[in-house]
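Below: one structure, written as C-alpha cells.
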2 protein chains.
Amino acid sequence: MTLQLFDLALADIDVRPSPFCWLAKFALLHKGLDFETVPLRFKEKENYPDPDYGLLPVLKDGDEIICDSGNIIAHIEEKYPGDKIVATAGEQAAADFYAAWVANNLYPALGPMMYLRVLAAAHEDDQNYYRETREKRLGVKLEAASIVAGQNKKVEKALQTLAAPLARHKFLGGEAPNLCDYIVFSPIMWQRAVTSEVFYETPQAVDAWRERMLDLFDGYARKAKSAG
Amino acid sequence: MTLQLFDLALADIDVRPSPFCWLAKFALLHKGLDFETVPLRFKEKENYPDPDYGLLPVLKDGDEIICDSGNIIAHIEEKYPGDKIVATAGEQAAADFYAAWVANNLYPALGPMMYLRVLAAAHEDDQNYYRETREKRLGVKLEAASIVAGQNKKVEKALQTLAAPLARHKFLGGEAPNLCDYIVFSPIMWQRAVTSEVFYETPQAVDAWRERMLDLFDGYARKAKSAG
C-alpha cells in the first residue's frame, strides 16, 4: 500500500513550498519508498488527516498517522529497510547542528526575500491566514519584514560557511547525501517553489551541490513546479 | 620515542593559548599517543623546527616535521592505531562545516573580548609582533577591534546554535568526542588560557558539554594554566 504524504500547496496546487514537507519527501525518497503526495492548502484544515494538528507534513502509513517531519523521519528509518537517512550518532548530532544553523542563520537571511512572494503565490482564501500567522511570529507586518538592507550579504555569508564542507565533499553526508543535506536543501526548495529570481551570489561549491541535489532521485526536486 | 608538539606560549610559558595547538593536542590525546609539548613564544623563530614556516603547532615525529593542525591530524590518523579522530566521510564533512562556522561566527564574536587580553599576557618581546600581525589581519588597531557594542549577544547567539546538538547528544561526535568537538572547543581553550572572566551567558547544554570536555583525558584541559 502506497504511503501518503500530505503536502502544503499554494494557489497552484502543483506548487509545494513547505521546507518541512520537502524534508519529509527527501527522507521518503532516500529510503526508496513509494509514496504519493496529497496537496492541501493552509486553510483546508477539515481535510487534514488530523484536523486538530493542522500543520504539515503529515504521513499516512496504513492506519498510522505521523505528524511532523522529525517524527516522519524517525518512523520510516525504524520501520523500513534501505539506506539509513543518518548512519551514526555523530551524523545525527551534525544534522541537529545544521538544523539549528538553518533556523538561526539561513531562514532569517532568506525570509525577507520570501514573505511577500509566498503571500502573492498563496490561494486567495489562504492569504489572510498566511499573513496573520507569519506576522504574529515575526512581530511586524510582512511589508516591514521584507525591507532589510544588505539582506543578500547575509545569505552570502551563510552560504560561505556552507561552501567549506562542499568544497571537499560531494554532499554534506560525504560521498552520498544524508539527513544533513536534506535539512539544508529544504529552505532552498522553499525559495525555488515561489521564485526563480536571483537575489544573491552563490559560491561555486554550493551551486554545484545544489545541482547534484536537484538531480537526485531521477530529478525529483528539479521537476518541482515554481510559482514564478 | 615520544612525539614532540611545539606549542605557543605566552609570557608565562605554562600558558598555552593557541586554539590550533589545542586542536593538535586534543587529536594526540584522542589517539592515546605519548607526547610532550615544547613551549615556544611568537618571536623565538630560531627555535621553531622549521624557522621558515614560523607558525605553530608543529609536530616532530622522529625525523618527520609536520606543520599545521590539519596535517598533524591527518598524519597521526593515518600512522597510528587507536580510535579514529573522525570515523566517516559524513563526520569529516561536518567537521569542515564546524571549522568554517567557528571561523565565521565564533571567532569574530569572541575576538573583541580577547585581543587586548592576549596582548597583555604575551611576553614583552612578543607584544609588538602580536599587535602588528593581528592589526594587519583585522585592518584596525587592537583597541578599535575591542570596542564592539553587544558583542556578548553575538557569542550567545552562536552558542544557542551549538546548544541544539548538545541538548540531545553528550558530544558533537555523538556518544564520544570526535574532531567536531575538538574544533569547536579549541576557541574556548583560547579564551580560558588568558582569562577566567565571564563575558556572556552560556546555555546549559553547552556548559555541561564544556565540563565534559575539560574532564576528558584525565582532565588534561582542566589542568591547563590561565594567565588571569
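In the C-alpha cells, each chain is lettered A, B, ... as it comes, each chain's residues begin at 1, and ligands are numbered from 1 in order of appearance.
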Q | Non-local contacts of stretch 60-70 of chain A (8 Å; only C-alpha atoms; under 2 positions in same chain excluded) as JSON, numbers by chain | A | {"A": [1, 2, 3, 4, 5, 6, 20, 21, 23, 24, 49, 50, 53, 55, 56, 57, 58, 72, 73, 74, 75]}
7 Å contacts from chain A to chain B using only C-alpha atoms, as an NGL selection string: :A and (89-91 or 93-94 or 96-97 or 100-101 or 104 or 161-162 or 164-165 or 169 or 172-175)
LSQ fit chain B -> chain A, C-alpha in sequence order, output as an mmCIF file with C-alpha atoms, in the first residue's frame:
data_model
loop_
_atom_site.group_PDB
_atom_site.id
_atom_site.type_symbol
_atom_site.label_atom_id
_atom_site.label_comp_id
_atom_site.auth_asym_id
_atom_site.auth_seq_id
_atom_site.Cartn_x
_atom_site.Cartn_y
_atom_site.Cartn_z
ATOM 1 C CA MET B 1 0.005 -0.022 -0.004
ATOM 2 C CA THR B 2 1.298 3.372 -1.038
ATOM 3 C CA LEU B 3 2.222 5.854 1.668
ATOM 4 C CA GLN B 4 0.503 9.242 1.529
ATOM 5 C CA LEU B 5 2.339 12.445 2.368
ATOM 6 C CA PHE B 6 0.077 15.432 2.958
ATOM 7 C CA ASP B 7 1.973 18.311 1.401
ATOM 8 C CA LEU B 8 1.347 22.067 1.603
ATOM 9 C CA ALA B 9 0.226 23.639 -1.726
ATOM 10 C CA LEU B 10 -0.182 27.250 -2.851
ATOM 11 C CA ALA B 11 -2.854 28.621 -5.246
ATOM 12 C CA ASP B 12 -1.453 26.367 -7.949
ATOM 13 C CA ILE B 13 -1.694 22.997 -6.227
ATOM 14 C CA ASP B 14 1.412 21.803 -8.033
ATOM 15 C CA VAL B 15 3.478 24.435 -6.209
ATOM 16 C CA ARG B 16 4.732 22.929 -2.922
ATOM 17 C CA PRO B 17 6.727 25.432 -0.879
ATOM 18 C CA SER B 18 6.964 23.954 2.637
ATOM 19 C CA PRO B 19 10.580 23.194 3.600
ATOM 20 C CA PHE B 20 9.416 20.767 6.276
ATOM 21 C CA CYS B 21 7.343 18.891 3.678
ATOM 22 C CA TRP B 22 10.420 18.853 1.437
ATOM 23 C CA LEU B 23 12.447 17.367 4.278
ATOM 24 C CA ALA B 24 9.894 14.562 4.662
ATOM 25 C CA LYS B 25 9.792 13.950 0.881
ATOM 26 C CA PHE B 26 13.580 13.707 0.654
ATOM 27 C CA ALA B 27 13.576 11.220 3.555
ATOM 28 C CA LEU B 28 10.939 9.050 1.790
ATOM 29 C CA LEU B 29 12.925 9.213 -1.452
ATOM 30 C CA HIS B 30 16.148 8.349 0.379
ATOM 31 C CA LYS B 31 14.545 5.164 1.761
ATOM 32 C CA GLY B 32 13.310 4.296 -1.733
ATOM 33 C CA LEU B 33 9.680 4.201 -0.569
ATOM 34 C CA ASP B 34 6.664 4.504 -2.852
ATOM 35 C CA PHE B 35 4.567 7.449 -1.801
ATOM 36 C CA GLU B 36 2.053 9.864 -3.223
ATOM 37 C CA THR B 37 1.709 13.457 -2.143
ATOM 38 C CA VAL B 38 -1.711 14.846 -1.282
ATOM 39 C CA PRO B 39 -1.790 18.626 -1.792
ATOM 40 C CA LEU B 40 -3.528 20.646 0.904
ATOM 41 C CA ARG B 41 -3.799 24.390 1.271
ATOM 42 C CA PHE B 42 -3.252 26.264 4.557
ATOM 43 C CA LYS B 43 -6.964 26.685 5.300
ATOM 44 C CA GLU B 44 -8.245 23.241 4.258
ATOM 45 C CA LYS B 45 -7.950 22.060 7.864
ATOM 46 C CA GLU B 46 -11.029 19.804 7.534
ATOM 47 C CA ASN B 47 -9.113 17.665 5.019
ATOM 48 C CA TYR B 48 -6.007 17.339 7.184
ATOM 49 C CA PRO B 49 -5.542 13.768 8.482
ATOM 50 C CA ASP B 50 -5.608 15.193 12.003
ATOM 51 C CA PRO B 51 -7.580 18.473 11.822
ATOM 52 C CA ASP B 52 -6.659 19.300 15.415
ATOM 53 C CA TYR B 53 -2.976 19.254 14.519
ATOM 54 C CA GLY B 54 -3.465 21.421 11.447
ATOM 55 C CA LEU B 55 0.147 21.528 10.311
ATOM 56 C CA LEU B 56 2.049 19.766 7.537
ATOM 57 C CA PRO B 57 3.735 17.477 6.678
ATOM 58 C CA VAL B 58 1.673 14.518 7.868
ATOM 59 C CA LEU B 59 2.353 10.946 6.734
ATOM 60 C CA LYS B 60 -0.398 8.345 6.460
ATOM 61 C CA ASP B 61 1.094 4.856 6.666
ATOM 62 C CA GLY B 62 -1.816 2.389 6.703
ATOM 63 C CA ASP B 63 -3.736 3.167 9.880
ATOM 64 C CA GLU B 64 -0.901 5.198 11.337
ATOM 65 C CA ILE B 65 -0.870 8.994 11.110
ATOM 66 C CA ILE B 66 2.525 10.568 11.786
ATOM 67 C CA CYS B 67 2.774 14.333 12.248
ATOM 68 C CA ASP B 68 5.936 16.486 11.969
ATOM 69 C CA SER B 69 8.947 15.912 9.723
ATOM 70 C CA GLY B 70 11.146 14.737 12.611
ATOM 71 C CA ASN B 71 8.628 12.054 13.627
ATOM 72 C CA ILE B 72 8.148 11.020 9.988
ATOM 73 C CA ILE B 73 11.885 10.549 9.521
ATOM 74 C CA ALA B 74 12.177 8.532 12.754
ATOM 75 C CA HIS B 75 9.168 6.401 11.742
ATOM 76 C CA ILE B 76 10.392 5.422 8.277
ATOM 77 C CA GLU B 77 14.000 4.974 9.450
ATOM 78 C CA GLU B 78 12.840 2.474 12.075
ATOM 79 C CA LYS B 79 10.137 0.675 10.092
ATOM 80 C CA TYR B 80 11.629 0.304 6.625
ATOM 81 C CA PRO B 81 14.835 -1.190 5.256
ATOM 82 C CA GLY B 82 17.043 0.654 2.814
ATOM 83 C CA ASP B 83 19.885 3.110 3.285
ATOM 84 C CA LYS B 84 19.972 4.855 6.627
ATOM 85 C CA ILE B 85 18.944 8.520 6.428
ATOM 86 C CA VAL B 86 21.532 9.106 9.131
ATOM 87 C CA ALA B 87 24.106 6.405 9.863
ATOM 88 C CA THR B 88 25.895 7.368 13.103
ATOM 89 C CA ALA B 89 25.172 9.297 16.307
ATOM 90 C CA GLY B 90 27.818 11.798 15.172
ATOM 91 C CA GLU B 91 25.965 12.377 11.908
ATOM 92 C CA GLN B 92 22.693 12.815 13.834
ATOM 93 C CA ALA B 93 24.399 15.399 16.067
ATOM 94 C CA ALA B 94 25.672 17.168 12.939
ATOM 95 C CA ALA B 95 22.137 17.124 11.498
ATOM 96 C CA ASP B 96 20.855 18.739 14.700
ATOM 97 C CA PHE B 97 23.525 21.445 14.377
ATOM 98 C CA TYR B 98 22.696 22.079 10.712
ATOM 99 C CA ALA B 99 19.006 22.352 11.626
ATOM 100 C CA ALA B 100 19.759 24.978 14.278
ATOM 101 C CA TRP B 101 22.092 26.840 11.913
ATOM 102 C CA VAL B 102 19.420 26.857 9.208
ATOM 103 C CA ALA B 103 16.882 28.197 11.736
ATOM 104 C CA ASN B 104 19.222 30.829 13.213
ATOM 105 C CA ASN B 105 21.234 31.898 10.161
ATOM 106 C CA LEU B 106 19.719 30.817 6.834
ATOM 107 C CA TYR B 107 15.970 31.372 7.350
ATOM 108 C CA PRO B 108 16.375 34.850 8.883
ATOM 109 C CA ALA B 109 18.576 35.771 5.892
ATOM 110 C CA LEU B 110 16.243 34.329 3.231
ATOM 111 C CA GLY B 111 12.965 35.310 4.882
ATOM 112 C CA PRO B 112 12.792 38.991 3.870
ATOM 113 C CA MET B 113 13.093 37.980 0.211
ATOM 114 C CA MET B 114 10.356 35.378 0.594
ATOM 115 C CA TYR B 115 7.381 36.512 2.673
ATOM 116 C CA LEU B 116 5.607 38.717 0.140
ATOM 117 C CA ARG B 117 6.325 36.249 -2.676
ATOM 118 C CA VAL B 118 4.758 33.373 -0.745
ATOM 119 C CA LEU B 119 1.811 35.635 0.098
ATOM 120 C CA ALA B 120 1.305 36.497 -3.579
ATOM 121 C CA ALA B 121 1.502 32.849 -4.642
ATOM 122 C CA ALA B 122 -0.868 31.605 -1.923
ATOM 123 C CA HIS B 123 -4.543 30.919 -2.714
ATOM 124 C CA GLU B 124 -6.707 33.975 -2.037
ATOM 125 C CA ASP B 125 -8.539 32.068 0.694
ATOM 126 C CA ASP B 126 -5.184 31.455 2.407
ATOM 127 C CA GLN B 127 -3.658 34.909 2.213
ATOM 128 C CA ASN B 128 -5.112 36.277 5.454
ATOM 129 C CA TYR B 129 -4.110 33.106 7.287
ATOM 130 C CA TYR B 130 -0.557 33.309 5.958
ATOM 131 C CA ARG B 131 -0.269 36.999 6.826
ATOM 132 C CA GLU B 132 -1.677 36.616 10.327
ATOM 133 C CA THR B 133 0.360 33.579 11.346
ATOM 134 C CA ARG B 134 3.639 34.953 9.974
ATOM 135 C CA GLU B 135 3.143 38.475 11.322
ATOM 136 C CA LYS B 136 2.430 37.006 14.761
ATOM 137 C CA ARG B 137 5.676 35.004 14.567
ATOM 138 C CA LEU B 138 7.756 37.893 13.203
ATOM 139 C CA GLY B 139 6.228 40.613 15.361
ATOM 140 C CA VAL B 140 5.961 43.022 12.427
ATOM 141 C CA LYS B 141 3.965 43.444 9.196
ATOM 142 C CA LEU B 142 5.200 41.314 6.295
ATOM 143 C CA GLU B 143 5.964 44.495 4.375
ATOM 144 C CA ALA B 144 8.230 45.729 7.192
ATOM 145 C CA ALA B 145 9.920 42.314 7.496
ATOM 146 C CA SER B 146 10.672 42.454 3.765
ATOM 147 C CA ILE B 147 12.634 45.710 3.820
ATOM 148 C CA VAL B 148 16.045 44.832 5.180
ATOM 149 C CA ALA B 149 19.219 46.449 3.910
ATOM 150 C CA GLY B 150 22.067 44.201 2.816
ATOM 151 C CA GLN B 151 19.993 41.054 3.133
ATOM 152 C CA ASN B 152 21.726 39.424 0.175
ATOM 153 C CA LYS B 153 25.040 39.787 2.052
ATOM 154 C CA LYS B 154 23.605 37.845 4.986
ATOM 155 C CA VAL B 155 22.619 34.975 2.700
ATOM 156 C CA GLU B 156 26.037 35.080 1.053
ATOM 157 C CA LYS B 157 27.789 34.981 4.432
ATOM 158 C CA ALA B 158 25.773 31.919 5.446
ATOM 159 C CA LEU B 159 26.476 30.215 2.112
ATOM 160 C CA GLN B 160 30.225 30.885 2.499
ATOM 161 C CA THR B 161 30.163 28.763 5.655
ATOM 162 C CA LEU B 162 28.298 26.036 3.773
ATOM 163 C CA ALA B 163 30.848 26.190 0.944
ATOM 164 C CA ALA B 164 33.641 24.909 3.243
ATOM 165 C CA PRO B 165 32.453 21.284 3.540
ATOM 166 C CA LEU B 166 31.075 21.281 -0.017
ATOM 167 C CA ALA B 167 34.458 22.269 -1.470
ATOM 168 C CA ARG B 168 35.851 18.969 -0.141
ATOM 169 C CA HIS B 169 32.853 16.615 -0.263
ATOM 170 C CA LYS B 170 30.151 15.844 -2.833
ATOM 171 C CA PHE B 171 27.487 16.024 -0.146
ATOM 172 C CA LEU B 172 27.223 17.146 3.485
ATOM 173 C CA GLY B 173 26.805 13.402 4.134
ATOM 174 C CA GLY B 174 30.165 12.734 2.432
ATOM 175 C CA GLU B 175 30.072 10.637 -0.755
ATOM 176 C CA ALA B 176 26.280 10.261 -0.568
ATOM 177 C CA PRO B 177 23.551 12.564 0.738
ATOM 178 C CA ASN B 178 22.156 12.123 4.229
ATOM 179 C CA LEU B 179 19.830 13.978 6.575
ATOM 180 C CA CYS B 180 22.261 16.919 6.772
ATOM 181 C CA ASP B 181 21.852 17.564 3.036
ATOM 182 C CA TYR B 182 18.062 17.355 3.191
ATOM 183 C CA ILE B 183 17.864 19.742 6.152
ATOM 184 C CA VAL B 184 19.978 22.394 4.436
ATOM 185 C CA PHE B 185 18.467 21.917 0.974
ATOM 186 C CA SER B 186 14.851 22.255 2.128
ATOM 187 C CA PRO B 187 14.952 26.057 2.516
ATOM 188 C CA ILE B 188 16.440 26.223 -0.974
ATOM 189 C CA MET B 189 13.401 24.304 -2.275
ATOM 190 C CA TRP B 190 11.168 26.748 -0.341
ATOM 191 C CA GLN B 191 12.745 29.588 -2.299
ATOM 192 C CA ARG B 192 12.703 27.678 -5.596
ATOM 193 C CA ALA B 193 8.984 26.914 -5.246
ATOM 194 C CA VAL B 194 7.974 30.565 -5.308
ATOM 195 C CA THR B 195 10.546 32.330 -7.447
ATOM 196 C CA SER B 196 13.343 31.805 -9.928
ATOM 197 C CA GLU B 197 14.700 35.301 -9.289
ATOM 198 C CA VAL B 198 18.359 35.516 -8.275
ATOM 199 C CA PHE B 199 18.791 37.523 -5.059
ATOM 200 C CA TYR B 200 22.360 36.733 -4.085
ATOM 201 C CA GLU B 201 25.634 35.251 -5.285
ATOM 202 C CA THR B 202 26.010 31.547 -4.661
ATOM 203 C CA PRO B 203 29.537 30.178 -4.044
ATOM 204 C CA GLN B 204 30.597 27.750 -6.766
ATOM 205 C CA ALA B 205 30.824 24.764 -4.388
ATOM 206 C CA VAL B 206 27.286 25.393 -3.118
ATOM 207 C CA ASP B 207 25.956 25.862 -6.639
ATOM 208 C CA ALA B 208 27.459 22.539 -7.781
ATOM 209 C CA TRP B 209 25.961 20.788 -4.736
ATOM 210 C CA ARG B 210 22.549 22.337 -5.463
ATOM 211 C CA GLU B 211 22.674 20.881 -8.967
ATOM 212 C CA ARG B 212 23.561 17.462 -7.526
ATOM 213 C CA MET B 213 20.670 17.721 -5.079
ATOM 214 C CA LEU B 214 18.257 18.646 -7.880
ATOM 215 C CA ASP B 215 19.448 15.582 -9.838
ATOM 216 C CA LEU B 216 18.866 13.078 -7.013
ATOM 217 C CA PHE B 217 16.062 10.523 -7.284
ATOM 218 C CA ASP B 218 15.576 10.957 -11.039
ATOM 219 C CA GLY B 219 15.470 14.723 -10.715
ATOM 220 C CA TYR B 220 12.514 14.746 -8.295
ATOM 221 C CA ALA B 221 13.297 18.213 -6.931
ATOM 222 C CA ARG B 222 14.283 19.605 -10.332
ATOM 223 C CA LYS B 223 10.841 18.658 -11.715
ATOM 224 C CA ALA B 224 9.056 20.549 -8.937
ATOM 225 C CA LYS B 225 6.990 23.462 -10.189
ATOM 226 C CA SER B 226 7.782 27.080 -9.330
ATOM 227 C CA ALA B 227 5.143 29.798 -8.972
ATOM 228 C CA GLY B 228 7.261 32.336 -10.828
#
message = Residues of stretch 10-103 of chain B classed as strand (DSSP E or B) by DSSP on the backbone are to be reported as a VMD selection string.
response = chain B and resid 35 to 40 58 to 61 64 to 67
Let's see if you can do this: from backbone DSSP, list all alpha helix (DSSP H) residues in stretch 39-215 of chain A, as a PyMOL selection string. chain A and resi 69-79+89-101+107-121+127-138+142-145+151-168+179-194+204-215
What would the file look like if the residues just selected were written as a tab-separated table (two decimals), in the first residue's frame with C-alpha atoms?
chain	number	residue	atom	x	y	z
A	69	SER	CA	8.95	15.91	9.73
A	70	GLY	CA	11.14	14.73	12.63
A	71	ASN	CA	8.63	12.05	13.63
A	72	ILE	CA	8.15	11.02	10.00
A	73	ILE	CA	11.89	10.55	9.53
A	74	ALA	CA	12.18	8.53	12.77
A	75	HIS	CA	9.16	6.41	11.75
A	76	ILE	CA	10.39	5.42	8.29
A	77	GLU	CA	14.01	4.98	9.45
A	78	GLU	CA	12.85	2.47	12.07
A	79	LYS	CA	10.14	0.68	10.10
A	89	ALA	CA	25.19	9.31	16.30
A	90	GLY	CA	27.82	11.81	15.17
A	91	GLU	CA	25.97	12.38	11.91
A	92	GLN	CA	22.70	12.82	13.84
A	93	ALA	CA	24.40	15.41	16.06
A	94	ALA	CA	25.68	17.17	12.93
A	95	ALA	CA	22.14	17.12	11.49
A	96	ASP	CA	20.86	18.75	14.71
A	97	PHE	CA	23.53	21.44	14.37
A	98	TYR	CA	22.69	22.08	10.71
A	99	ALA	CA	19.00	22.36	11.62
A	100	ALA	CA	19.76	24.98	14.27
A	101	TRP	CA	22.09	26.85	11.91
A	107	TYR	CA	15.97	31.37	7.34
A	108	PRO	CA	16.37	34.85	8.87
A	109	ALA	CA	18.57	35.78	5.90
A	110	LEU	CA	16.24	34.33	3.23
A	111	GLY	CA	12.96	35.32	4.89
A	112	PRO	CA	12.79	38.98	3.87
A	113	MET	CA	13.10	37.98	0.21
A	114	MET	CA	10.36	35.38	0.59
A	115	TYR	CA	7.37	36.52	2.68
A	116	LEU	CA	5.61	38.72	0.15
A	117	ARG	CA	6.32	36.26	-2.66
A	118	VAL	CA	4.76	33.37	-0.73
A	119	LEU	CA	1.81	35.63	0.10
A	120	ALA	CA	1.30	36.51	-3.57
A	121	ALA	CA	1.51	32.86	-4.64
A	127	GLN	CA	-3.66	34.92	2.22
A	128	ASN	CA	-5.12	36.27	5.45
A	129	TYR	CA	-4.11	33.10	7.29
A	130	TYR	CA	-0.55	33.31	5.96
A	131	ARG	CA	-0.27	36.99	6.81
A	132	GLU	CA	-1.68	36.61	10.33
A	133	THR	CA	0.37	33.57	11.35
A	134	ARG	CA	3.64	34.96	9.97
A	135	GLU	CA	3.13	38.48	11.32
A	136	LYS	CA	2.43	37.01	14.75
A	137	ARG	CA	5.66	35.00	14.56
A	138	LEU	CA	7.74	37.89	13.20
A	142	LEU	CA	5.20	41.31	6.29
A	143	GLU	CA	5.96	44.50	4.37
A	144	ALA	CA	8.23	45.71	7.19
A	145	ALA	CA	9.92	42.31	7.49
A	151	GLN	CA	19.97	41.06	3.14
A	152	ASN	CA	21.71	39.42	0.18
A	153	LYS	CA	25.03	39.78	2.06
A	154	LYS	CA	23.58	37.84	4.99
A	155	VAL	CA	22.61	34.97	2.70
A	156	GLU	CA	26.02	35.07	1.05
A	157	LYS	CA	27.79	34.97	4.43
A	158	ALA	CA	25.78	31.90	5.45
A	159	LEU	CA	26.47	30.20	2.12
A	160	GLN	CA	30.22	30.88	2.51
A	161	THR	CA	30.16	28.75	5.66
A	162	LEU	CA	28.30	26.03	3.77
A	163	ALA	CA	30.85	26.19	0.94
A	164	ALA	CA	33.64	24.90	3.23
A	165	PRO	CA	32.45	21.29	3.54
A	166	LEU	CA	31.08	21.28	-0.03
A	167	ALA	CA	34.45	22.27	-1.48
A	168	ARG	CA	35.85	18.97	-0.14
A	179	LEU	CA	19.83	13.97	6.58
A	180	CYS	CA	22.26	16.92	6.76
A	181	ASP	CA	21.85	17.56	3.03
A	182	TYR	CA	18.06	17.35	3.19
A	183	ILE	CA	17.87	19.74	6.15
A	184	VAL	CA	19.99	22.39	4.43
A	185	PHE	CA	18.47	21.91	0.98
A	186	SER	CA	14.85	22.23	2.13
A	187	PRO	CA	14.95	26.05	2.51
A	188	ILE	CA	16.43	26.22	-0.97
A	189	MET	CA	13.40	24.30	-2.27
A	190	TRP	CA	11.18	26.75	-0.34
A	191	GLN	CA	12.74	29.59	-2.30
A	192	ARG	CA	12.70	27.68	-5.61
A	193	ALA	CA	8.98	26.92	-5.24
A	194	VAL	CA	7.97	30.56	-5.29
A	204	GLN	CA	30.59	27.75	-6.77
A	205	ALA	CA	30.82	24.77	-4.40
A	206	VAL	CA	27.28	25.40	-3.12
A	207	ASP	CA	25.95	25.86	-6.64
A	208	ALA	CA	27.45	22.54	-7.79
A	209	TRP	CA	25.96	20.78	-4.73
A	210	ARG	CA	22.55	22.34	-5.47
A	211	GLU	CA	22.67	20.88	-8.97
A	212	ARG	CA	23.56	17.46	-7.53
A	213	MET	CA	20.66	17.70	-5.08
A	214	LEU	CA	18.26	18.63	-7.89
A	215	ASP	CA	19.44	15.58	-9.85
